[in-house]
Amino acid sequence: GQQVMQIPQYQHVQEGEDFTTYCNSSTTLSNIQWYKQRPGGHPVFLIQLVKSGEVKKQKRLTFQFGEAKKNSSLHITATQTTDVGTYFCGGSGGSNYKLTFGKGTLLTVNP
Amino acid sequence: DAGVIQSPRHEVTEMGQEVTLRCKPISGHNSLFWYRQTMMRGLELLIYFNNNVPIDDSGMPEDRFSAKMPNASFSTLKIQPSEPRDSAVYFCASSLSGTARVEQFFGPGTRLTVL
């Protein structure tokens, strides 16, 4: 079945440093969604990417979808302590309703 | 909007006991998902309902797990009998339509501990 891998599993940065998490699928995706889960919280939708090579920005966050639609990345510029949490990607392949989630990248930020 | 509501928020029970988790989706959403989250396996889809009908229950671990959605505003996930390996956070999520291209809204989750 479809597998979605995320790396790294953990990332610790100093406040102000940049952060990137990568998402790789074993199959071509029709779309990919990114979610953020604060410690002790629940996943909250950030963004969706649909087109090959798509790039979207939300303030300090930049999301990319690979040309082959098998990988994606989330980059945070100049991290802040409010960025702490686990970032998940969820991809959809052949299924029209199911998102397969990666295990997430836990970001911690040292003030 | 109150968002997705789940109860209880925490549940501690002993092995062999029945556990029932509850979910109220966002009004107007016709799709409901139950997920289980553990460190080892991440976020796994257990079952998906569309218009109150179970569409995909292939993620339900075994016969000890069952889920119902008697109406558009209520769903339950039952584990009977519970086992220690069922300890996890269980999330309910709802969305406006039954496609993977729509944002899913997650509830606060139920943290289940089976002793």
# chains A, B, ... in the order shown; residues from 1 in each chain; ligands from 1
$ closest_atom_pairs --of "range 65-101 of chain A" --to "range 8-32 of chain A" --cutoff "9 Å" --atoms "only C-alpha atoms" --output "Markdown table"
| residue | atom | partner | partner_atom | distance |
| --- | --- | --- | --- | --- |
| A:Phe65 | CA | A:Ile32 | CA | 7.9 |
| A:Ala68 | CA | A:Thr28 | CA | 7.1 |
| A:Lys69 | CA | A:Leu29 | CA | 5.5 |
| A:Lys70 | CA | A:Thr28 | CA | 4.9 |
| A:Asn71 | CA | A:Asn24 | CA | 4.4 |
| A:Ser72 | CA | A:Cys23 | CA | 5.1 |
| A:Ser73 | CA | A:Tyr22 | CA | 4.5 |
| A:Leu74 | CA | A:Thr21 | CA | 5.4 |
| A:His75 | CA | A:Thr20 | CA | 4.3 |
| A:Ile76 | CA | A:Phe19 | CA | 5.1 |
| A:Thr77 | CA | A:Asp18 | CA | 4.6 |
| A:Ala78 | CA | A:Gly16 | CA | 4.0 |
| A:Thr79 | CA | A:Gly16 | CA | 4.8 |
| A:Gln80 | CA | A:Glu15 | CA | 5.4 |
| A:Thr81 | CA | A:Glu15 | CA | 6.7 |
| A:Thr86 | CA | A:Tyr10 | CA | 8.7 |
| A:Tyr87 | CA | A:Thr21 | CA | 7.9 |
| A:Phe88 | CA | A:Cys23 | CA | 8.6 |
| A:Cys89 | CA | A:Cys23 | CA | 6.5 |
| A:Gly90 | CA | A:Ile32 | CA | 5.6 |
| A:Gly91 | CA | A:Ile32 | CA | 4.3 |
| A:Ser92 | CA | A:Leu29 | CA | 5.5 |
| A:Gly93 | CA | A:Leu29 | CA | 4.5 |
| A:Gly94 | CA | A:Ser30 | CA | 7.6 |
| A:Leu99 | CA | A:Ile32 | CA | 8.2 |
$ closest_atom_pairs --of "range 70-105 of chain B" --to "range 11-18 of chain B" --cutoff "8 Å" --atoms "only C-alpha atoms" --output "Markdown table"
| residue | atom | partner | partner_atom | distance |
| --- | --- | --- | --- | --- |
| B:Lys78 | CA | B:Glu18 | CA | 7.2 |
| B:Ile79 | CA | B:Glu18 | CA | 5.7 |
| B:Gln80 | CA | B:Glu18 | CA | 4.5 |
| B:Pro81 | CA | B:Gly16 | CA | 4.5 |
| B:Ser82 | CA | B:Gly16 | CA | 5.0 |
| B:Glu83 | CA | B:Met15 | CA | 4.9 |
| B:Pro84 | CA | B:Met15 | CA | 6.3 |
$ interface_residues --of "chain A" --to "chain B" --cutoff "7 Å" --atoms "only C-alpha atoms" --output "short mmCIF file (atom, residue, chain, number, x, y, z; two decimals) with N, CA, C and O atoms, in the first residue's frame"
data_model
loop_
_atom_site.label_atom_id
_atom_site.label_comp_id
_atom_site.auth_asym_id
_atom_site.auth_seq_id
_atom_site.Cartn_x
_atom_site.Cartn_y
_atom_site.Cartn_z
N ASN A 31 -2.61 14.87 -4.22
CA ASN A 31 -2.52 16.09 -3.43
C ASN A 31 -1.82 15.77 -2.12
O ASN A 31 -1.70 14.60 -1.73
N GLY A 41 -1.80 18.67 21.82
CA GLY A 41 -2.93 19.15 21.04
C GLY A 41 -3.34 18.19 19.94
O GLY A 41 -2.99 17.01 19.97
N HIS A 42 -4.09 18.72 18.99
CA HIS A 42 -4.57 17.91 17.88
C HIS A 42 -4.07 18.49 16.57
O HIS A 42 -3.71 19.68 16.51
N PRO A 43 -4.01 17.68 15.53
CA PRO A 43 -3.56 18.20 14.22
C PRO A 43 -4.47 19.32 13.72
O PRO A 43 -5.69 19.21 13.77
N VAL A 44 -3.83 20.37 13.22
CA VAL A 44 -4.54 21.51 12.65
C VAL A 44 -4.03 21.73 11.23
O VAL A 44 -2.83 21.79 11.00
N PHE A 45 -4.96 21.84 10.31
CA PHE A 45 -4.63 22.00 8.89
C PHE A 45 -3.84 23.27 8.65
O PHE A 45 -4.17 24.35 9.18
N SER A 92 -2.62 11.84 -0.59
CA SER A 92 -3.67 11.01 -1.18
C SER A 92 -3.21 10.52 -2.54
O SER A 92 -2.76 11.31 -3.37
N ASN A 96 -9.96 8.29 -3.10
CA ASN A 96 -10.53 9.64 -3.25
C ASN A 96 -10.89 10.26 -1.91
O ASN A 96 -11.40 11.36 -1.85
N TYR A 97 -10.62 9.57 -0.80
CA TYR A 97 -10.97 10.14 0.50
C TYR A 97 -9.87 9.97 1.54
O TYR A 97 -9.84 10.66 2.53
N LYS A 98 -8.96 9.04 1.31
CA LYS A 98 -8.02 8.68 2.37
C LYS A 98 -6.72 9.45 2.26
O LYS A 98 -6.10 9.51 1.20
N LEU A 99 -6.30 10.02 3.39
CA LEU A 99 -4.98 10.62 3.51
C LEU A 99 -4.09 9.65 4.27
O LEU A 99 -4.47 9.17 5.34
N PHE A 101 -0.81 9.52 6.34
CA PHE A 101 0.04 10.47 7.03
C PHE A 101 1.44 9.91 7.27
O PHE A 101 1.62 8.72 7.54
N LYS A 103 4.84 10.05 9.80
CA LYS A 103 4.89 10.00 11.26
C LYS A 103 5.20 11.36 11.88
O LYS A 103 5.16 11.51 13.10
#
$ atom_distance --atom1 "CA of Tyr90 in chain B" --atom2 "CA of Ile5 in chain B"
12.3 Å
$ decode --residues "range 17-28 of chain B" --atoms "all heavy atoms" --output "mmCIF file, in the first residue's frame"
data_model
loop_
_atom_site.group_PDB
_atom_site.id
_atom_site.type_symbol
_atom_site.label_atom_id
_atom_site.label_comp_id
_atom_site.auth_asym_id
_atom_site.auth_seq_id
_atom_site.Cartn_x
_atom_site.Cartn_y
_atom_site.Cartn_z
ATOM 1 N N GLN B 17 -11.946 -4.484 30.046
ATOM 2 C CA GLN B 17 -13.123 -3.637 30.158
ATOM 3 C C GLN B 17 -13.527 -3.081 28.790
ATOM 4 O O GLN B 17 -12.712 -2.968 27.871
ATOM 5 C CB GLN B 17 -12.857 -2.468 31.117
ATOM 6 C CG GLN B 17 -12.592 -2.893 32.546
ATOM 7 C CD GLN B 17 -13.784 -3.595 33.153
ATOM 8 O OE1 GLN B 17 -14.903 -3.066 33.151
ATOM 9 N NE2 GLN B 17 -13.570 -4.803 33.653
ATOM 10 N N GLU B 18 -14.800 -2.726 28.686
ATOM 11 C CA GLU B 18 -15.295 -2.091 27.464
ATOM 12 C C GLU B 18 -15.050 -0.592 27.535
ATOM 13 O O GLU B 18 -15.231 0.023 28.589
ATOM 14 C CB GLU B 18 -16.791 -2.363 27.320
ATOM 15 C CG GLU B 18 -17.432 -1.682 26.131
ATOM 16 C CD GLU B 18 -18.918 -1.986 26.018
ATOM 17 O OE1 GLU B 18 -19.269 -3.169 25.879
ATOM 18 O OE2 GLU B 18 -19.715 -1.036 26.088
ATOM 19 N N VAL B 19 -14.644 -0.045 26.405
ATOM 20 C CA VAL B 19 -14.376 1.397 26.320
ATOM 21 C C VAL B 19 -15.198 1.968 25.171
ATOM 22 O O VAL B 19 -15.223 1.392 24.079
ATOM 23 C CB VAL B 19 -12.883 1.666 26.049
ATOM 24 C CG1 VAL B 19 -12.640 3.151 25.830
ATOM 25 C CG2 VAL B 19 -12.029 1.150 27.200
ATOM 26 N N THR B 20 -15.878 3.079 25.409
ATOM 27 C CA THR B 20 -16.634 3.745 24.354
ATOM 28 C C THR B 20 -16.177 5.184 24.236
ATOM 29 O O THR B 20 -16.225 5.940 25.208
ATOM 30 C CB THR B 20 -18.145 3.707 24.632
ATOM 31 O OG1 THR B 20 -18.577 2.348 24.689
ATOM 32 C CG2 THR B 20 -18.901 4.421 23.518
ATOM 33 N N LEU B 21 -15.728 5.535 23.051
ATOM 34 C CA LEU B 21 -15.306 6.898 22.763
ATOM 35 C C LEU B 21 -16.376 7.565 21.907
ATOM 36 O O LEU B 21 -16.967 6.924 21.027
ATOM 37 C CB LEU B 21 -13.958 6.893 22.019
ATOM 38 C CG LEU B 21 -12.857 6.015 22.615
ATOM 39 C CD1 LEU B 21 -11.584 6.130 21.791
ATOM 40 C CD2 LEU B 21 -12.615 6.349 24.058
ATOM 41 N N ARG B 22 -16.586 8.858 22.139
ATOM 42 C CA ARG B 22 -17.674 9.563 21.476
ATOM 43 C C ARG B 22 -17.182 10.756 20.687
ATOM 44 O O ARG B 22 -16.186 11.394 21.067
ATOM 45 C CB ARG B 22 -18.714 9.999 22.518
ATOM 46 C CG ARG B 22 -19.375 8.834 23.235
ATOM 47 C CD ARG B 22 -20.248 9.270 24.393
ATOM 48 N NE ARG B 22 -20.954 8.145 24.989
ATOM 49 C CZ ARG B 22 -20.412 7.274 25.838
ATOM 50 N NH1 ARG B 22 -19.144 7.425 26.219
ATOM 51 N NH2 ARG B 22 -21.120 6.289 26.328
ATOM 52 N N CYS B 23 -17.930 11.051 19.623
ATOM 53 C CA CYS B 23 -17.525 12.154 18.759
ATOM 54 C C CYS B 23 -18.755 12.859 18.205
ATOM 55 O O CYS B 23 -19.705 12.220 17.747
ATOM 56 C CB CYS B 23 -16.666 11.636 17.605
ATOM 57 S SG CYS B 23 -16.246 12.892 16.367
ATOM 58 N N LYS B 24 -18.703 14.184 18.227
ATOM 59 C CA LYS B 24 -19.723 14.996 17.571
ATOM 60 C C LYS B 24 -19.018 15.809 16.502
ATOM 61 O O LYS B 24 -18.217 16.690 16.820
ATOM 62 C CB LYS B 24 -20.404 15.924 18.573
ATOM 63 C CG LYS B 24 -21.420 16.869 17.967
ATOM 64 C CD LYS B 24 -22.079 17.727 19.035
ATOM 65 C CE LYS B 24 -22.895 18.871 18.442
ATOM 66 N NZ LYS B 24 -23.896 18.401 17.469
ATOM 67 N N PRO B 25 -19.291 15.532 15.228
ATOM 68 C CA PRO B 25 -18.616 16.268 14.159
ATOM 69 C C PRO B 25 -19.157 17.684 14.034
ATOM 70 O O PRO B 25 -20.160 18.038 14.648
ATOM 71 C CB PRO B 25 -18.941 15.448 12.909
ATOM 72 C CG PRO B 25 -20.246 14.799 13.224
ATOM 73 C CD PRO B 25 -20.228 14.530 14.705
ATOM 74 N N ILE B 26 -18.482 18.476 13.233
ATOM 75 C CA ILE B 26 -18.944 19.829 12.961
ATOM 76 C C ILE B 26 -20.252 19.755 12.168
ATOM 77 O O ILE B 26 -20.368 18.963 11.215
ATOM 78 C CB ILE B 26 -17.879 20.626 12.189
ATOM 79 C CG1 ILE B 26 -16.662 20.862 13.100
ATOM 80 C CG2 ILE B 26 -18.422 21.946 11.675
ATOM 81 C CD1 ILE B 26 -15.473 21.493 12.407
ATOM 82 N N SER B 27 -21.209 20.561 12.556
ATOM 83 C CA SER B 27 -22.500 20.558 11.888
ATOM 84 C C SER B 27 -22.333 20.875 10.398
ATOM 85 O O SER B 27 -21.630 21.825 10.019
ATOM 86 C CB SER B 27 -23.403 21.605 12.541
ATOM 87 O OG SER B 27 -24.642 21.686 11.880
ATOM 88 N N GLY B 28 -22.974 20.056 9.564
ATOM 89 C CA GLY B 28 -22.888 20.272 8.126
ATOM 90 C C GLY B 28 -21.816 19.446 7.437
ATOM 91 O O GLY B 28 -21.813 19.333 6.211
#
